[in-house]
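Contents: one structure, followed by commentary.
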Amino acid sequence: MKSIRLFLIAVILATITLFNFIAALQGYRSSLLEAERLFDTQMMETAEFIADLYSENLLAPVDHAGNRVFQVWKNGELKAYSANAPIMAIAPLLPGFNFSNFDGYRWRTVARYDNQKQLWVLVAERTDRRYSLSENLILESFIPILMGLPVVGLLIWFIVSQGLKPLRTLADELGKKQPDDLSPLCFDAPKQELEQIVYSTNLLMGRLESSLNREKQFASDAAHELRTPISVLKVQLYNIAQLLPDEDSNLPELTETVDRLEHLVEQILVLYRTTPDQYSANFTRIDMGILTEEVLAQEYAQFEDKNQTLEFRGKPYVLSGDRFAITTLLQNLLSNASKYTPCGGHINVKVCDEQGDIVLTVEDSGPGIPLDEYQSVFERFYRSRGDRHNSGESGCGLGLAIVKHIVELHHAEITIAPSSFESGTAFRIRFPKQKTSMDT
Amino acid sequence: MLLNSVILILQETLEAALMISVLLAVNVRLQIKPIWIFCGVTLGIMGACIYAYHIEAVSEWLDGVGQEFINALLQIAIALCITLYIYWLFRFKGQTKQYDLDGRLVYSNQVQFVLLMICIIALGLTREGAEVLLYLGGFFPSSEQRFSMAAGSGIGFGIGLSSSIILYYALVNIPGPWRFRSAVILLALFAANMASQAALQLTQADWLPHTQALWDSSSLISERSVLGHLFYAIFGYEATPSAIQVGSYVAAIVLVGIAAKIGNRFSAGSKI
């Protein structure tokens, strides 16, 4: 059932048609019976009339050739008859109604015995004529039913459309809302059935807005508040390192943990900043090729540390984007690739043009991501195989969530596929053509 | 004339329309596009025109019982197609498509369902449509009671179509697994109905022995009433069925049951 309107129109119209037609058929049957009774009554009255009119002088055939025939029998002798009647008795001489066949037709007959004049009056009518006459009369009443059906259909369509109008208006109102618009629905005097929906939706919007504000405030405050003690901690660690002898081996691990903590806080901040419904992007002309080269140069140290081979292929391609966000995207993808590629591994970065779209590809020769985890890696704090792979790295699980935010911000598309190496993953981001055109 | 037209058109329309509405309801679950139903209907109408055009020649086949034989053949073919359709339904548990985690279509088993559905509709409409065309073609051009005939045909068609629309939405709105089960039960009854009608046709052609009527329920539900026609279309109601007809009916139900059982055995996955 895809459409409520279609369902309502079809079922209402079908029900009306079904019951109307069945009622019409029942009406037809009972009308036919009623017409039969009427014709029978008329025949009986005709028989009585003929009996009353009859006199011994009337012996010649009556010149009558209509739908009805009659005979008058007295003492077994045919005394009077209509010109269209046969000379044999048209019905058995038994009082009441009957059927008989003569003259190539089937006839309805009535026989009446007049006690005073001691004679039989027989009257007959052709059944097909009676049937045809009564059917024609009844069919007249069918015309409005048959002709009215399309009108009823149109009326139902109109009424159902009108009835569903508030629902459509509500759907339009909800559809028009921007992702960051959590203002209450402007829906004046909603219908009784929609009151609860509008009320609940507005309540939900309000709660969602305050919840988002709280989350926004919390993420921002927490990250900012954590930065200061972490910086202090780092300074103090440095001072302690200066005082303690070199063989004390616990300090480097402690420093590494504090670095990770700092990275996590920075990532949370970036994640919050790049959320599409929070971020006020500053779109400018960016040369994707040059920006990628710059970020590669900045991040080169981490590849060198792991003796990884880095290959870059690309030309200057201009797109409209947010420089800070795209830089973060590149940093996260490159850091991810370096992190999960073993020492001596390979990383390829490519920026190319595909049918007008600019495509950035980052692929590595790491262990790769299982097919069933492709969708999950973009979730916050998700770590592939729980970071149980042998990279030795334990990320904070926010890098790809940030990448996804930035991709959505640029209305781009990100796909994951196996890399062209023996193992590994390829991240492919396609910045669509229409979004690369300059707005300024 | 009106009543005769209603009865004939209703009998033929109701049977085909109810079958189509059940298949449409199953299609919702199988994710088969309704366009295939229209393919079946188009083929059926074409088949009906060809059959009706050659009906005189066909009637003379096999010593004058060609029409009965072809009708029985069509009905047996429909019953077998429905049986096979039910087998596939149970074989794939009503699931014809499988997607990977990215929502991409991995494989689809729709072909056999689409082909069988087109066969069922096309064969059904060929037989029933031919009878309607012969009736309308035989009386309409010369009849004095053209309006009464047209009104009767319209009423018969309207009742048939309306019943099938109501049945379709009733089936689609049945909650949970009973939606699918109801559709399967109705299809099984259609198959049995076809087998029973085929037995009657072959009896009329003297290919099967004449047997006595097992019962007479015409006083309860007349075959000529609207309810009688509805029951006839849904589960092949006859007021005075012969032993051969009842035997064929039961045999068809058993055959469908066996097909469902075999399909169920070869299937993998959750229950319907």
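Identifiers in the structure tokens: chain A, B, ... in order shown; residue index from 1 per chain; ligand index from 1 in order shown.
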Distance-based interface of chain B with chain A, 9 Å, counting only C-alpha atoms, as a PyMOL selection string
chain B and resi 1-3+6+28+100-102+145+147-148+151+154-156+158-166+169+172-173+226
Report as a ChimeraX atom specification: the residues of segment 58-232 of chain A with a DSSP assignment of strand (DSSP E), based on the backbone of this structure.
/A:68-74,77-81,96-102,105-114,119-126
Could you write out the selected residues, including C-alpha atoms, as a PDB file, in the first residue's frame?
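The result, written out as again_23.pdb:
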ATOM      1  CA  ARG A  68     -52.805 -10.266 -25.839  1.00  0.00           C
ATOM      2  CA  VAL A  69     -55.182 -13.007 -27.075  1.00  0.00           C
ATOM      3  CA  PHE A  70     -58.454 -14.203 -25.633  1.00  0.00           C
ATOM      4  CA  GLN A  71     -61.022 -16.938 -26.083  1.00  0.00           C
ATOM      5  CA  VAL A  72     -64.494 -17.465 -24.644  1.00  0.00           C
ATOM      6  CA  TRP A  73     -65.582 -21.079 -24.232  1.00  0.00           C
ATOM      7  CA  LYS A  74     -69.025 -22.252 -23.281  1.00  0.00           C
ATOM      8  CA  GLU A  77     -67.618 -24.576 -27.728  1.00  0.00           C
ATOM      9  CA  LEU A  78     -65.516 -21.575 -28.747  1.00  0.00           C
ATOM     10  CA  LYS A  79     -67.942 -18.685 -28.565  1.00  0.00           C
ATOM     11  CA  ALA A  80     -65.699 -15.680 -29.046  1.00  0.00           C
ATOM     12  CA  TYR A  81     -62.007 -15.026 -29.642  1.00  0.00           C
ATOM     13  CA  GLY A  96     -55.855 -19.527 -12.385  1.00  0.00           C
ATOM     14  CA  PHE A  97     -52.584 -18.708 -14.088  1.00  0.00           C
ATOM     15  CA  ASN A  98     -50.514 -21.011 -16.250  1.00  0.00           C
ATOM     16  CA  PHE A  99     -48.065 -21.185 -19.159  1.00  0.00           C
ATOM     17  CA  SER A 100     -48.663 -22.632 -22.620  1.00  0.00           C
ATOM     18  CA  ASN A 101     -46.960 -22.749 -25.992  1.00  0.00           C
ATOM     19  CA  PHE A 102     -48.650 -21.898 -29.293  1.00  0.00           C
ATOM     20  CA  TYR A 105     -44.091 -18.501 -28.603  1.00  0.00           C
ATOM     21  CA  ARG A 106     -44.431 -19.121 -24.921  1.00  0.00           C
ATOM     22  CA  TRP A 107     -47.491 -17.499 -23.347  1.00  0.00           C
ATOM     23  CA  ARG A 108     -48.642 -16.619 -19.876  1.00  0.00           C
ATOM     24  CA  THR A 109     -52.290 -17.614 -19.541  1.00  0.00           C
ATOM     25  CA  VAL A 110     -55.177 -17.055 -17.202  1.00  0.00           C
ATOM     26  CA  ALA A 111     -58.446 -18.956 -17.118  1.00  0.00           C
ATOM     27  CA  ARG A 112     -61.553 -17.519 -15.423  1.00  0.00           C
ATOM     28  CA  TYR A 113     -64.896 -19.214 -15.052  1.00  0.00           C
ATOM     29  CA  ASP A 114     -67.990 -16.999 -14.918  1.00  0.00           C
ATOM     30  CA  LEU A 119     -68.479 -19.686 -19.528  1.00  0.00           C
ATOM     31  CA  TRP A 120     -64.672 -19.823 -19.529  1.00  0.00           C
ATOM     32  CA  VAL A 121     -62.648 -16.754 -20.464  1.00  0.00           C
ATOM     33  CA  LEU A 122     -59.051 -17.497 -21.417  1.00  0.00           C
ATOM     34  CA  VAL A 123     -56.551 -14.665 -21.812  1.00  0.00           C
ATOM     35  CA  ALA A 124     -52.869 -15.053 -22.806  1.00  0.00           C
ATOM     36  CA  GLU A 125     -49.854 -12.783 -23.190  1.00  0.00           C
ATOM     37  CA  ARG A 126     -46.491 -13.483 -24.844  1.00  0.00           C
TER      38      ARG A 126
END
I need the helix (DSSP H, G or I) residues of segment 84-308 of chain A per DSSP on the backbone, written as an MDAnalysis selection string.
chainID A and resid 127:176 192:243 250:274 288:305
For Leu123 of chain B, work out the shell of residues within 12 Å, counting only C-alpha atoms and skipping chain neighbours fewer than 4 positions away, then give it as a CSV table (one decimal) with C-alpha atoms, in the first residue's frame.
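The resulting file, result.csv, is shown below:
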chain,number,residue,atom,x,y,z
B,16,ALA,CA,-9.7,-14.0,-13.4
B,19,MET,CA,-6.6,-14.6,-9.3
B,20,ILE,CA,-4.8,-11.4,-10.5
B,40,GLY,CA,0.2,-11.3,-18.7
B,41,VAL,CA,-3.1,-9.5,-19.2
B,42,THR,CA,-2.1,-8.3,-22.7
B,43,LEU,CA,-1.0,-11.9,-23.7
B,44,GLY,CA,-4.2,-13.2,-22.3
B,45,ILE,CA,-6.4,-10.8,-24.2
B,46,MET,CA,-4.5,-11.7,-27.4
B,47,GLY,CA,-4.9,-15.4,-26.7
B,48,ALA,CA,-8.6,-14.9,-26.0
B,51,TYR,CA,-9.1,-18.6,-29.4
B,70,ILE,CA,-8.7,-27.3,-25.0
B,71,ASN,CA,-10.5,-25.8,-22.0
B,72,ALA,CA,-9.5,-28.7,-19.8
B,73,LEU,CA,-5.9,-28.5,-21.1
B,74,LEU,CA,-5.8,-24.8,-20.3
B,75,GLN,CA,-7.2,-25.4,-16.8
B,76,ILE,CA,-4.8,-28.2,-16.1
B,77,ALA,CA,-1.9,-26.0,-17.3
B,78,ILE,CA,-3.0,-23.2,-14.9
B,79,ALA,CA,-3.3,-25.7,-12.0
B,80,LEU,CA,0.2,-26.9,-12.7
B,81,CYS,CA,1.7,-23.4,-13.0
B,82,ILE,CA,0.1,-22.4,-9.7
B,116,LEU,CA,4.9,-18.5,-14.1
B,117,MET,CA,2.7,-15.5,-13.2
B,118,ILE,CA,2.5,-14.4,-16.8
B,119,CYS,CA,1.6,-18.0,-17.8
B,127,ARG,CA,-10.1,-19.3,-21.8
B,128,GLU,CA,-12.4,-16.8,-19.9
B,129,GLY,CA,-11.8,-14.0,-22.2
B,130,ALA,CA,-12.7,-16.1,-25.2
B,194,MET,CA,-9.1,-25.4,-12.1
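Atom CA of Val377 of chain A sits 6.7 Å away from atom CA of Leu400 of chain A.
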To one decimal in Å, tell me the separation between atom CA of Asn307 of chain A and atom CA of Pro342 of chain A.
9.0 Å
Find the spatial neighbours of Leu174 of chain A, counting only C-alpha atoms, within a cut-off of 12 Å - ignore same-chain residues fewer than 4 positions away - and output them as a tab-separated table (two decimals) with N, CA, C and O atoms, in the first residue's frame.
chain	number	residue	atom	x	y	z
A	167	LEU	N	-2.71	16.48	5.97
A	167	LEU	CA	-1.59	15.54	6.10
A	167	LEU	C	-0.48	15.92	5.13
A	167	LEU	O	0.72	15.89	5.47
A	168	ARG	N	-0.89	16.29	3.89
A	168	ARG	CA	0.09	16.68	2.87
A	168	ARG	C	0.78	17.98	3.29
A	168	ARG	O	1.99	18.14	3.13
A	169	THR	N	-0.01	18.91	3.86
A	169	THR	CA	0.56	20.17	4.31
A	169	THR	C	1.60	19.91	5.40
A	169	THR	O	2.68	20.51	5.40
A	170	LEU	N	1.24	19.02	6.32
A	170	LEU	CA	2.16	18.68	7.42
A	170	LEU	C	3.44	18.07	6.85
A	170	LEU	O	4.56	18.43	7.27
A	178	GLN	N	15.11	22.62	7.18
A	178	GLN	CA	16.54	22.39	7.00
A	178	GLN	C	17.02	21.49	8.14
A	178	GLN	O	16.40	21.46	9.21
A	179	PRO	N	18.16	20.79	7.94
A	179	PRO	CA	18.63	19.88	9.00
A	179	PRO	C	18.85	20.59	10.34
A	179	PRO	O	18.69	20.01	11.40
A	181	ASP	N	17.18	23.25	11.35
A	181	ASP	CA	15.99	24.00	11.77
A	181	ASP	C	15.15	23.14	12.71
A	181	ASP	O	14.48	22.21	12.29
A	182	LEU	N	15.22	23.47	13.98
A	182	LEU	CA	14.46	22.69	14.97
A	182	LEU	C	13.34	23.54	15.58
A	182	LEU	O	12.87	23.27	16.67
A	183	SER	N	12.94	24.57	14.84
A	183	SER	CA	11.86	25.43	15.33
A	183	SER	C	10.53	24.69	15.27
A	183	SER	O	10.37	23.76	14.47
A	184	PRO	N	9.56	25.07	16.12
A	184	PRO	CA	8.27	24.35	16.11
A	184	PRO	C	7.56	24.49	14.77
A	184	PRO	O	7.79	25.45	14.04
A	185	LEU	N	6.70	23.51	14.47
A	185	LEU	CA	5.97	23.52	13.20
A	185	LEU	C	4.91	24.63	13.23
A	185	LEU	O	4.19	24.77	14.21
A	186	CYS	N	4.85	25.42	12.14
A	186	CYS	CA	3.80	26.45	12.05
A	186	CYS	C	2.60	25.79	11.41
A	186	CYS	O	2.52	25.70	10.19
A	187	PHE	N	1.71	25.28	12.19
A	187	PHE	CA	0.56	24.55	11.65
A	187	PHE	C	-0.68	25.04	12.38
A	187	PHE	O	-1.02	24.55	13.46
A	197	ILE	N	0.01	14.62	16.56
A	197	ILE	CA	1.26	14.49	15.78
A	197	ILE	C	2.04	15.80	15.85
A	197	ILE	O	3.24	15.82	16.12
A	198	VAL	N	1.31	16.93	15.61
A	198	VAL	CA	1.97	18.24	15.61
A	198	VAL	C	2.52	18.53	17.02
A	198	VAL	O	3.68	18.96	17.15
A	201	THR	N	5.50	16.25	17.66
A	201	THR	CA	6.65	16.63	16.83
A	201	THR	C	7.31	17.89	17.40
A	201	THR	O	8.54	17.96	17.50
A	202	ASN	N	6.49	18.88	17.77
A	202	ASN	CA	7.03	20.12	18.31
A	202	ASN	C	7.75	19.88	19.64
A	202	ASN	O	8.81	20.44	19.90
A	205	MET	N	10.99	18.27	18.79
A	205	MET	CA	11.91	19.27	18.23
A	205	MET	C	12.56	20.07	19.36
A	205	MET	O	13.77	20.30	19.35
Could you check how far atom CA of Ala205 of chain B sits from atom CA of Trp61 of chain B, in Å to one decimal?
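Rounded to one decimal, the two atoms are 11.4 Å apart.
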